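Data block below; observations after.
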There are 2 protein chains.
Amino acid sequence: MLLNEERLTDRIAKARLDAIVAATPENVTYVSGFWALPQWIRRGPQVFVLWPKEGVDSAEIITSTSTLDLIADQSPWITRVRRFGAFHLEPIHREPRDQVTRRHLELRSCPEHEDAVEALISAIREARLDRGRIGFDEAGFATGQVGRLTAQLPRVQWVQASSLLREVRAVKTAGEVDRLRRAAQIAETSIAAAMAVARDGASEQDLARVLHTQTIEEGGEPVLGCIGFGERSALMNVQPSGRRLRPGDVIRFDVGGRFRHYRADVARTAVFGPVPHEVIRYCRALLTGIEHACTMIRPGMPARQVYQEVVGAVRQAGIPQYRRNHVGHGIGLDGYDAPVLSPESTEEIEAGMVLCIETPFYAPGRWGLQVEDTILVLERGVERLMTTDGRLLEAMT
Amino acid sequence: MLLNEERLTDRIAKARLDAIVAATPENVTYVSGFWALPQWIRRGPQVFVLWPKEGVDSAEIITSTSTLDLIADQSPWITRVRRFGAFHLEPIHREPRDQVTRRHLELRSCPEHEDAVEALISAIREARLDRGRIGFDEAGFATGQVGRLTAQLPRVQWVQASSLLREVRAVKTAGEVDRLRRAAQIAETSIAAAMAVARDGASEQDLARVLHTQTIEEGGEPVLGCIGFGERSALMNVQPSGRRLRPGDVIRFDVGGRFRHYRADVARTAVFGPVPHEVIRYCRALLTGIEHACTMIRPGMPARQVYQEVVGAVRQAGIPQYRRNHVGHGIGLDGYDAPVLSPESTEEIEAGMVLCIETPFYAPGRWGLQVEDTILVLERGVERLMTTDGRLLEAMT
């Protein structure tokens, strides 16, 4: 199970909840193991998971009839399913031999509910939670739906719970770490592939094509692909353009796809030919910040302390004016999981967190430099989940 | 401008609105031309567009400071911008030479608002709309945000407007049609590339890798990649697995990426070696449904009539028991734009609509067959936006 069930149970108990309802794609996949294609690739289609405090055996997935094939094929750890809406299949003439089809047809034999909210209400009633205290993942409900719930289940005490689920997701299980490690390494290999075509006259788009193709070759899915040359490297969200590589350019990569639904977010800086000495010196200082984070991070440390130490290390290493809104964040099913490593953060570092530590530096009109590494917090120290460090790369001239 | 401004102005007038606020990624990009990376690749980050009835010159984009580089680089047709939140850049030492950086710095000189909703409220007040009738794109607001708006702007009359924007988006401009045509043709080429590796022992995942790589090579982005062999072709959302191709298998593709933000959704069926004659006969009948749609669709026709005619044509052509929840939908920035070609639809076909016409047929445990084509509705008839038709493909044995 990818879910950290112990942590979920603990947070539900601390919030004195009788149940929680997951609703965003990330939270649905996280608590159930069910990845519903339409919910992930579009805005609108809904899936809910009702998770009573008793745990996984009493939990239920609420999804549209048209997605039951995915449940049959994925075998999520929650096996109780409630469906809504119609979807026509041909009647069968003989008992199918394959297990996925058999499970699919079995799931279709459940009663059909009108819509997602109606199905959720019936699940809550059947679980005798209609006088309970229920945490709901407010970020995943559409306008008006919460009103329908409160009107039809007036005795339920509703509590917003998106932040509770975010907090549970912050500490990764071993299975999640495996996927995040692989996702990060796919990003590294993809950057290396793009660097192999970084030569005079290659465009940002040329590099991006190679980057994304490599991600696919390795079994990943492209998501983030910021690649900027020269003055464009200072655009924080730079989208690859026809801008061609010229001697003296900095190249900034801030990239990462998904591997089995888990995200990568990796940054590297490269140079093509001679660049101002400042660039080399600054890159070393930014790397020092990351290295310092890796030696200093421990469970129990406030996230804002990590921020202060990393910014301090970069300043001391050669960029005295270094300023930054944050120096990293968690990563998981979402590209920005908890915690945020910022001066305002009230979060605390815990063993099992997977963090992207980053020290970007944007000098508008000149260049942008960035190192971003993925690390796992251990009981005593950190484990790097990557095979390279953030040293300045050089394109072949 | 990709936006159909005339249609937007008309619908705003018909609904007697003084302004409209776009909030979902699709609607923001549609009305402004601004594509905000964080809003598209994650759930949570927000962008709003305030569009007063006076039109584009009085409209305003409301976005986070950290995305202003994208506005500078994309030059959307709305030029007024309001920003919220902080994002640090190094101070500049000399006036930058490139236009994008200059525009980026100019945008940063606007006042900084606390958050998205606060910025929206200030935009509404400055536009003297605080006693107006405002349509809001409810699908793009987070829980509690509408409450803040109504509390702080108590004299505004708020009207839900997501469906109005969906209706505007249904009739495409020439620029949108160009992108949709290219997106559909990239999907076709990607299917052809995947078919070239469809041989004995190749896995669904092998074909998917080639499919997505081809999409990237052609300048697209992978999104949908359902590829199923044999009994798995009957799973409607089939995600590519290690299942290997065997003689006698049907292969079903339901795929499509994005090209410059616009979606493709194309389906084709192939066979590998000898298959039951039924498969060939049924595929012909399903194709007849599509062909009939292409000869019969005219502006002014009720969407449900298209449904009835297509289902009727498939039945007459050899599948008398054919049943289906819908036979297609619009396509644009979203994979499912208006209209829906279903028996319940109250929509009407209009010239300029781009439609995916589809006739899937799922026989659980045996095979799934599907044809899905993209067409443009003209004043007199339709134009196919694709280069191939949905004839059954054959993998080389």
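Going by the structure tokens order, chains are called A, B, ..., each with residues numbered from 1, while ligands are numbered from 1 in the order shown.
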
What are the closest atom pairs, with distances in Å to one decimal, for each residue of chain B lying within 8 Å of chain A, using only C-alpha atoms, rows by chain and rising residue number, as a tab-separated table?
```
residue	atom	partner	partner_atom	distance
B:Leu37	CA	A:Asn237	CA	7.2
B:Ile41	CA	A:Val223	CA	7.0
B:Arg42	CA	A:Asp334	CA	7.2
B:Gly44	CA	A:Ala139	CA	7.9
B:Ser66	CA	A:Met236	CA	7.5
B:Thr67	CA	A:Asn237	CA	6.9
B:Asp69	CA	A:Leu235	CA	5.6
B:Leu70	CA	A:Asn237	CA	6.6
B:Ala86	CA	A:Asn325	CA	7.6
B:Phe87	CA	A:Asn325	CA	6.4
B:His88	CA	A:Arg324	CA	5.9
B:Leu89	CA	A:Tyr362	CA	5.4
B:Glu90	CA	A:Ala363	CA	5.0
B:Pro91	CA	A:Ala363	CA	7.2
B:Ile92	CA	A:Pro364	CA	6.6
B:Pro96	CA	A:Gly365	CA	5.2
B:Arg97	CA	A:Gly365	CA	7.2
B:Asp98	CA	A:Gly365	CA	6.9
B:Thr101	CA	A:Gly365	CA	5.6
B:Glu138	CA	A:Thr143	CA	6.1
B:Ala139	CA	A:Ala142	CA	6.3
B:Phe141	CA	A:Thr143	CA	7.5
B:Ala142	CA	A:Ala139	CA	6.3
B:Thr143	CA	A:Glu138	CA	6.1
B:Arg209	CA	A:Ile216	CA	6.1
B:His212	CA	A:Ile216	CA	7.2
B:Thr213	CA	A:Thr213	CA	5.4
B:Ile216	CA	A:Arg209	CA	6.1
B:Glu217	CA	A:Arg209	CA	6.4
B:Gly219	CA	A:Arg209	CA	7.8
B:Pro222	CA	A:Pro222	CA	7.8
B:Val223	CA	A:Ile41	CA	7.0
B:Leu224	CA	A:Ile41	CA	7.8
B:Glu231	CA	A:Asp98	CA	7.9
B:Leu235	CA	A:Asp69	CA	5.6
B:Met236	CA	A:Asp69	CA	6.8
B:Asn237	CA	A:Leu70	CA	6.6
B:Val238	CA	A:Leu70	CA	7.1
B:Gln239	CA	A:Leu70	CA	8.0
B:Arg323	CA	A:His88	CA	6.8
B:Arg324	CA	A:His88	CA	5.9
B:Asn325	CA	A:Phe87	CA	6.4
B:Asp334	CA	A:Arg42	CA	7.2
B:Gly335	CA	A:Arg42	CA	7.5
B:Phe361	CA	A:Leu89	CA	7.4
B:Tyr362	CA	A:Leu89	CA	5.4
B:Ala363	CA	A:Glu90	CA	5.0
B:Pro364	CA	A:Thr101	CA	6.4
B:Gly365	CA	A:Pro96	CA	5.2
```

For the selection you just gave me, I'd like the residues written to a file as a PDB file, in the first residue's frame, keeping C-alpha atoms.
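selection.pdb, freshly written:
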```pdb
ATOM      1  CA  LEU B  37       1.908  26.827 -16.358  1.00  0.00           C
ATOM      2  CA  ILE B  41      -0.047  21.314 -14.395  1.00  0.00           C
ATOM      3  CA  ARG B  42      -1.369  21.405 -10.820  1.00  0.00           C
ATOM      4  CA  GLY B  44      -4.737  24.895  -6.745  1.00  0.00           C
ATOM      5  CA  SER B  66       5.637  34.284 -10.159  1.00  0.00           C
ATOM      6  CA  THR B  67       3.908  33.850 -13.550  1.00  0.00           C
ATOM      7  CA  ASP B  69       7.380  35.990 -17.095  1.00  0.00           C
ATOM      8  CA  LEU B  70       4.880  33.871 -19.030  1.00  0.00           C
ATOM      9  CA  ALA B  86       5.744  38.018  -3.934  1.00  0.00           C
ATOM     10  CA  PHE B  87       8.505  36.536  -6.066  1.00  0.00           C
ATOM     11  CA  HIS B  88      12.088  37.678  -5.752  1.00  0.00           C
ATOM     12  CA  LEU B  89      14.315  38.546  -8.728  1.00  0.00           C
ATOM     13  CA  GLU B  90      17.747  40.161  -8.601  1.00  0.00           C
ATOM     14  CA  PRO B  91      17.742  43.928  -9.134  1.00  0.00           C
ATOM     15  CA  ILE B  92      18.914  44.897 -12.622  1.00  0.00           C
ATOM     16  CA  PRO B  96      17.736  44.890 -20.470  1.00  0.00           C
ATOM     17  CA  ARG B  97      17.913  44.728 -24.251  1.00  0.00           C
ATOM     18  CA  ASP B  98      15.352  42.018 -24.866  1.00  0.00           C
ATOM     19  CA  THR B 101      12.593  40.953 -20.017  1.00  0.00           C
ATOM     20  CA  GLU B 138     -17.957  28.802 -10.540  1.00  0.00           C
ATOM     21  CA  ALA B 139     -16.018  25.700 -11.608  1.00  0.00           C
ATOM     22  CA  PHE B 141     -13.325  28.934  -7.563  1.00  0.00           C
ATOM     23  CA  ALA B 142     -12.135  27.189  -4.420  1.00  0.00           C
ATOM     24  CA  THR B 143     -14.401  26.481  -1.445  1.00  0.00           C
ATOM     25  CA  ARG B 209       5.990   4.569 -26.026  1.00  0.00           C
ATOM     26  CA  HIS B 212       3.818   9.338 -27.316  1.00  0.00           C
ATOM     27  CA  THR B 213       7.315   9.800 -28.720  1.00  0.00           C
ATOM     28  CA  ILE B 216       6.441  14.859 -29.072  1.00  0.00           C
ATOM     29  CA  GLU B 217       8.437  14.702 -32.304  1.00  0.00           C
ATOM     30  CA  GLY B 219       5.448  19.258 -31.496  1.00  0.00           C
ATOM     31  CA  PRO B 222       0.930  13.399 -24.838  1.00  0.00           C
ATOM     32  CA  VAL B 223      -2.335  13.300 -22.852  1.00  0.00           C
ATOM     33  CA  LEU B 224      -4.615  10.369 -23.661  1.00  0.00           C
ATOM     34  CA  GLU B 231      -9.760  -8.815 -24.371  1.00  0.00           C
ATOM     35  CA  LEU B 235     -11.764  -1.912 -21.350  1.00  0.00           C
ATOM     36  CA  MET B 236     -12.927   1.598 -22.194  1.00  0.00           C
ATOM     37  CA  ASN B 237     -10.081   3.436 -20.408  1.00  0.00           C
ATOM     38  CA  VAL B 238      -7.453   0.746 -21.008  1.00  0.00           C
ATOM     39  CA  GLN B 239      -4.023   1.845 -19.762  1.00  0.00           C
ATOM     40  CA  ARG B 323     -26.588   1.105 -27.912  1.00  0.00           C
ATOM     41  CA  ARG B 324     -24.538   4.032 -26.736  1.00  0.00           C
ATOM     42  CA  ASN B 325     -24.726   6.870 -24.159  1.00  0.00           C
ATOM     43  CA  ASP B 334     -10.905  20.751 -23.092  1.00  0.00           C
ATOM     44  CA  GLY B 335     -11.210  17.206 -24.407  1.00  0.00           C
ATOM     45  CA  PHE B 361     -18.570  -0.905 -29.237  1.00  0.00           C
ATOM     46  CA  TYR B 362     -17.441  -2.838 -26.174  1.00  0.00           C
ATOM     47  CA  ALA B 363     -17.899  -6.617 -25.951  1.00  0.00           C
ATOM     48  CA  PRO B 364     -16.458  -7.504 -22.518  1.00  0.00           C
ATOM     49  CA  GLY B 365     -13.870 -10.275 -22.520  1.00  0.00           C
TER      50      GLY B 365
END
```

Practice item. Identify, on the basis of only C-alpha atoms, every residue whose closest approach to Leu3 of chain A does not exceed 7 Å; exclude the query and any residue fewer than 6 positions from it along the same chain; express the result as a PyMOL selection string. Key: chain A and resi 30-31+173

**Study point:** For Ser64 of chain B: contacts at 12 Å, only C-alpha atoms, fewer than 2 positions along chain excluded, given as an MDAnalysis selection string
**Key:** chainID B and resid 36:39 45:48 61:62 66:71 81:87 107:108 110:120

**Study point:** Coordinates-based distance that separates atom CA of Ala184 of chain B from atom CA of Gly257 of chain B (Å, one decimal)
**Key:**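 Rounded to one decimal, the two atoms are 8.4 Å apart.
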
Practice item. Just give me the gap between atom CA of Ser190 of chain B and atom CA of Cys356 of chain B in Å, one decimal is fine. Key: 17.5 Å

Exercise for review: In Å, rounded to a single decimal, give me how far atom CA of Val171 of chain B is from atom CA of Glu372 of chain B.
Suggested key: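 Computing it gives 19.7 Å between the two atoms.
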
Practice item. Pick out each residue of segment 196-348 of chain A that DSSP on the backbone tags as strand (DSSP E); I need them as number ranges by chain. Key: A: 221-229, 249-259, 262-263, 266-272, 328-330, 337-340

Dump as a CSV table (one decimal), in the first residue's frame, selection limited to N, CA and C atoms:
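again.csv was written with the following content:
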```csv
chain,number,residue,atom,x,y,z
A,221,GLU,N,6.2,10.0,-17.8
A,221,GLU,CA,5.3,10.9,-18.5
A,221,GLU,C,5.8,12.3,-18.4
A,222,PRO,N,5.9,13.0,-19.5
A,222,PRO,CA,6.4,14.4,-19.4
A,222,PRO,C,5.3,15.3,-18.6
A,223,VAL,N,5.8,16.2,-17.8
A,223,VAL,CA,4.9,17.2,-17.2
A,223,VAL,C,5.6,18.6,-17.3
A,224,LEU,N,6.7,18.8,-16.5
A,224,LEU,CA,7.3,20.1,-16.4
A,224,LEU,C,8.5,20.1,-17.3
A,225,GLY,N,8.7,21.1,-18.2
A,225,GLY,CA,9.8,21.1,-19.1
A,225,GLY,C,10.3,22.5,-19.4
A,226,CYS,N,10.7,23.2,-18.3
A,226,CYS,CA,11.3,24.6,-18.5
A,226,CYS,C,12.7,24.5,-18.9
A,227,ILE,N,13.0,25.0,-20.1
A,227,ILE,CA,14.4,25.0,-20.6
A,227,ILE,C,14.6,26.4,-21.2
A,228,GLY,N,15.6,27.1,-20.7
A,228,GLY,CA,15.8,28.5,-21.2
A,228,GLY,C,17.3,28.7,-21.5
A,229,PHE,N,17.6,29.4,-22.6
A,229,PHE,CA,19.0,29.7,-23.0
A,229,PHE,C,19.2,31.2,-22.7
A,249,ASP,N,26.1,31.3,-23.6
A,249,ASP,CA,24.8,31.1,-23.0
A,249,ASP,C,24.8,30.2,-21.7
A,250,VAL,N,24.0,30.6,-20.8
A,250,VAL,CA,23.7,29.7,-19.7
A,250,VAL,C,22.4,28.9,-20.2
A,251,ILE,N,22.3,27.7,-19.8
A,251,ILE,CA,21.1,26.9,-20.0
A,251,ILE,C,20.6,26.5,-18.7
A,252,ARG,N,19.3,26.8,-18.4
A,252,ARG,CA,18.7,26.4,-17.2
A,252,ARG,C,17.6,25.4,-17.4
A,253,PHE,N,17.6,24.2,-16.7
A,253,PHE,CA,16.6,23.2,-16.8
A,253,PHE,C,15.8,23.2,-15.5
A,254,ASP,N,14.5,23.3,-15.5
A,254,ASP,CA,13.7,23.0,-14.3
A,254,ASP,C,12.6,22.1,-14.9
A,255,VAL,N,12.8,20.8,-14.6
A,255,VAL,CA,12.0,19.8,-15.4
A,255,VAL,C,11.6,18.6,-14.4
A,256,GLY,N,10.7,17.8,-14.9
A,256,GLY,CA,10.3,16.6,-14.2
A,256,GLY,C,9.0,16.1,-14.7
A,257,GLY,N,8.9,14.8,-14.9
A,257,GLY,CA,7.6,14.2,-15.3
A,257,GLY,C,7.0,13.4,-14.1
A,258,ARG,N,6.3,12.4,-14.5
A,258,ARG,CA,5.7,11.5,-13.5
A,258,ARG,C,6.2,10.1,-13.8
A,259,PHE,N,6.4,9.3,-12.7
A,259,PHE,CA,6.6,7.9,-12.9
A,259,PHE,C,5.6,7.2,-12.0
A,262,TYR,N,3.8,9.5,-9.6
A,262,TYR,CA,4.6,10.3,-8.7
A,262,TYR,C,5.5,11.3,-9.5
A,263,ARG,N,5.6,12.5,-9.0
A,263,ARG,CA,6.2,13.6,-9.7
A,263,ARG,C,7.8,13.7,-9.5
A,266,VAL,N,13.3,18.6,-10.9
A,266,VAL,CA,14.8,18.6,-10.8
A,266,VAL,C,15.3,19.8,-11.6
A,267,ALA,N,16.3,20.5,-11.0
A,267,ALA,CA,16.9,21.7,-11.8
A,267,ALA,C,18.4,21.5,-11.9
A,268,ARG,N,18.9,21.9,-13.1
A,268,ARG,CA,20.3,21.9,-13.3
A,268,ARG,C,20.6,23.1,-14.2
A,269,THR,N,21.9,23.6,-14.1
A,269,THR,CA,22.4,24.7,-14.9
A,269,THR,C,23.5,24.2,-15.7
A,270,ALA,N,23.6,24.7,-16.9
A,270,ALA,CA,24.7,24.3,-17.8
A,270,ALA,C,25.2,25.6,-18.5
A,271,VAL,N,26.4,25.5,-19.0
A,271,VAL,CA,27.0,26.6,-19.8
A,271,VAL,C,27.4,26.1,-21.1
A,272,PHE,N,27.4,27.0,-22.1
A,272,PHE,CA,27.8,26.7,-23.4
A,272,PHE,C,28.9,27.7,-23.8
A,328,GLY,N,12.5,25.2,-1.2
A,328,GLY,CA,12.1,23.9,-1.5
A,328,GLY,C,10.8,23.5,-0.9
A,329,HIS,N,10.4,22.2,-1.2
A,329,HIS,CA,9.1,21.8,-0.9
A,329,HIS,C,9.1,20.2,-0.9
A,330,GLY,N,8.0,19.7,-0.4
A,330,GLY,CA,7.8,18.2,-0.5
A,330,GLY,C,7.4,17.9,-1.9
A,337,ASP,N,4.1,19.0,-2.6
A,337,ASP,CA,3.6,18.4,-1.3
A,337,ASP,C,4.1,19.3,-0.1
A,338,ALA,N,3.5,19.0,1.1
A,338,ALA,CA,4.1,19.6,2.3
A,338,ALA,C,5.4,18.9,2.6
A,339,PRO,N,6.4,19.6,3.3
A,339,PRO,CA,6.3,21.0,3.8
A,339,PRO,C,6.8,21.9,2.7
A,340,VAL,N,6.6,23.2,3.0
A,340,VAL,CA,7.2,24.3,2.2
A,340,VAL,C,8.4,24.8,3.1
```

Check your understanding: Given the choices B:Leu286, B:Val377, B:Leu2, B:Leu341, which gets closest to Ala303 of chain B if the distance is worked out from only C-alpha atoms?
Key ->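 Nearest candidate to Ala303 of chain B out of B:Leu286, B:Val377, B:Leu2, B:Leu341: B:Leu341.
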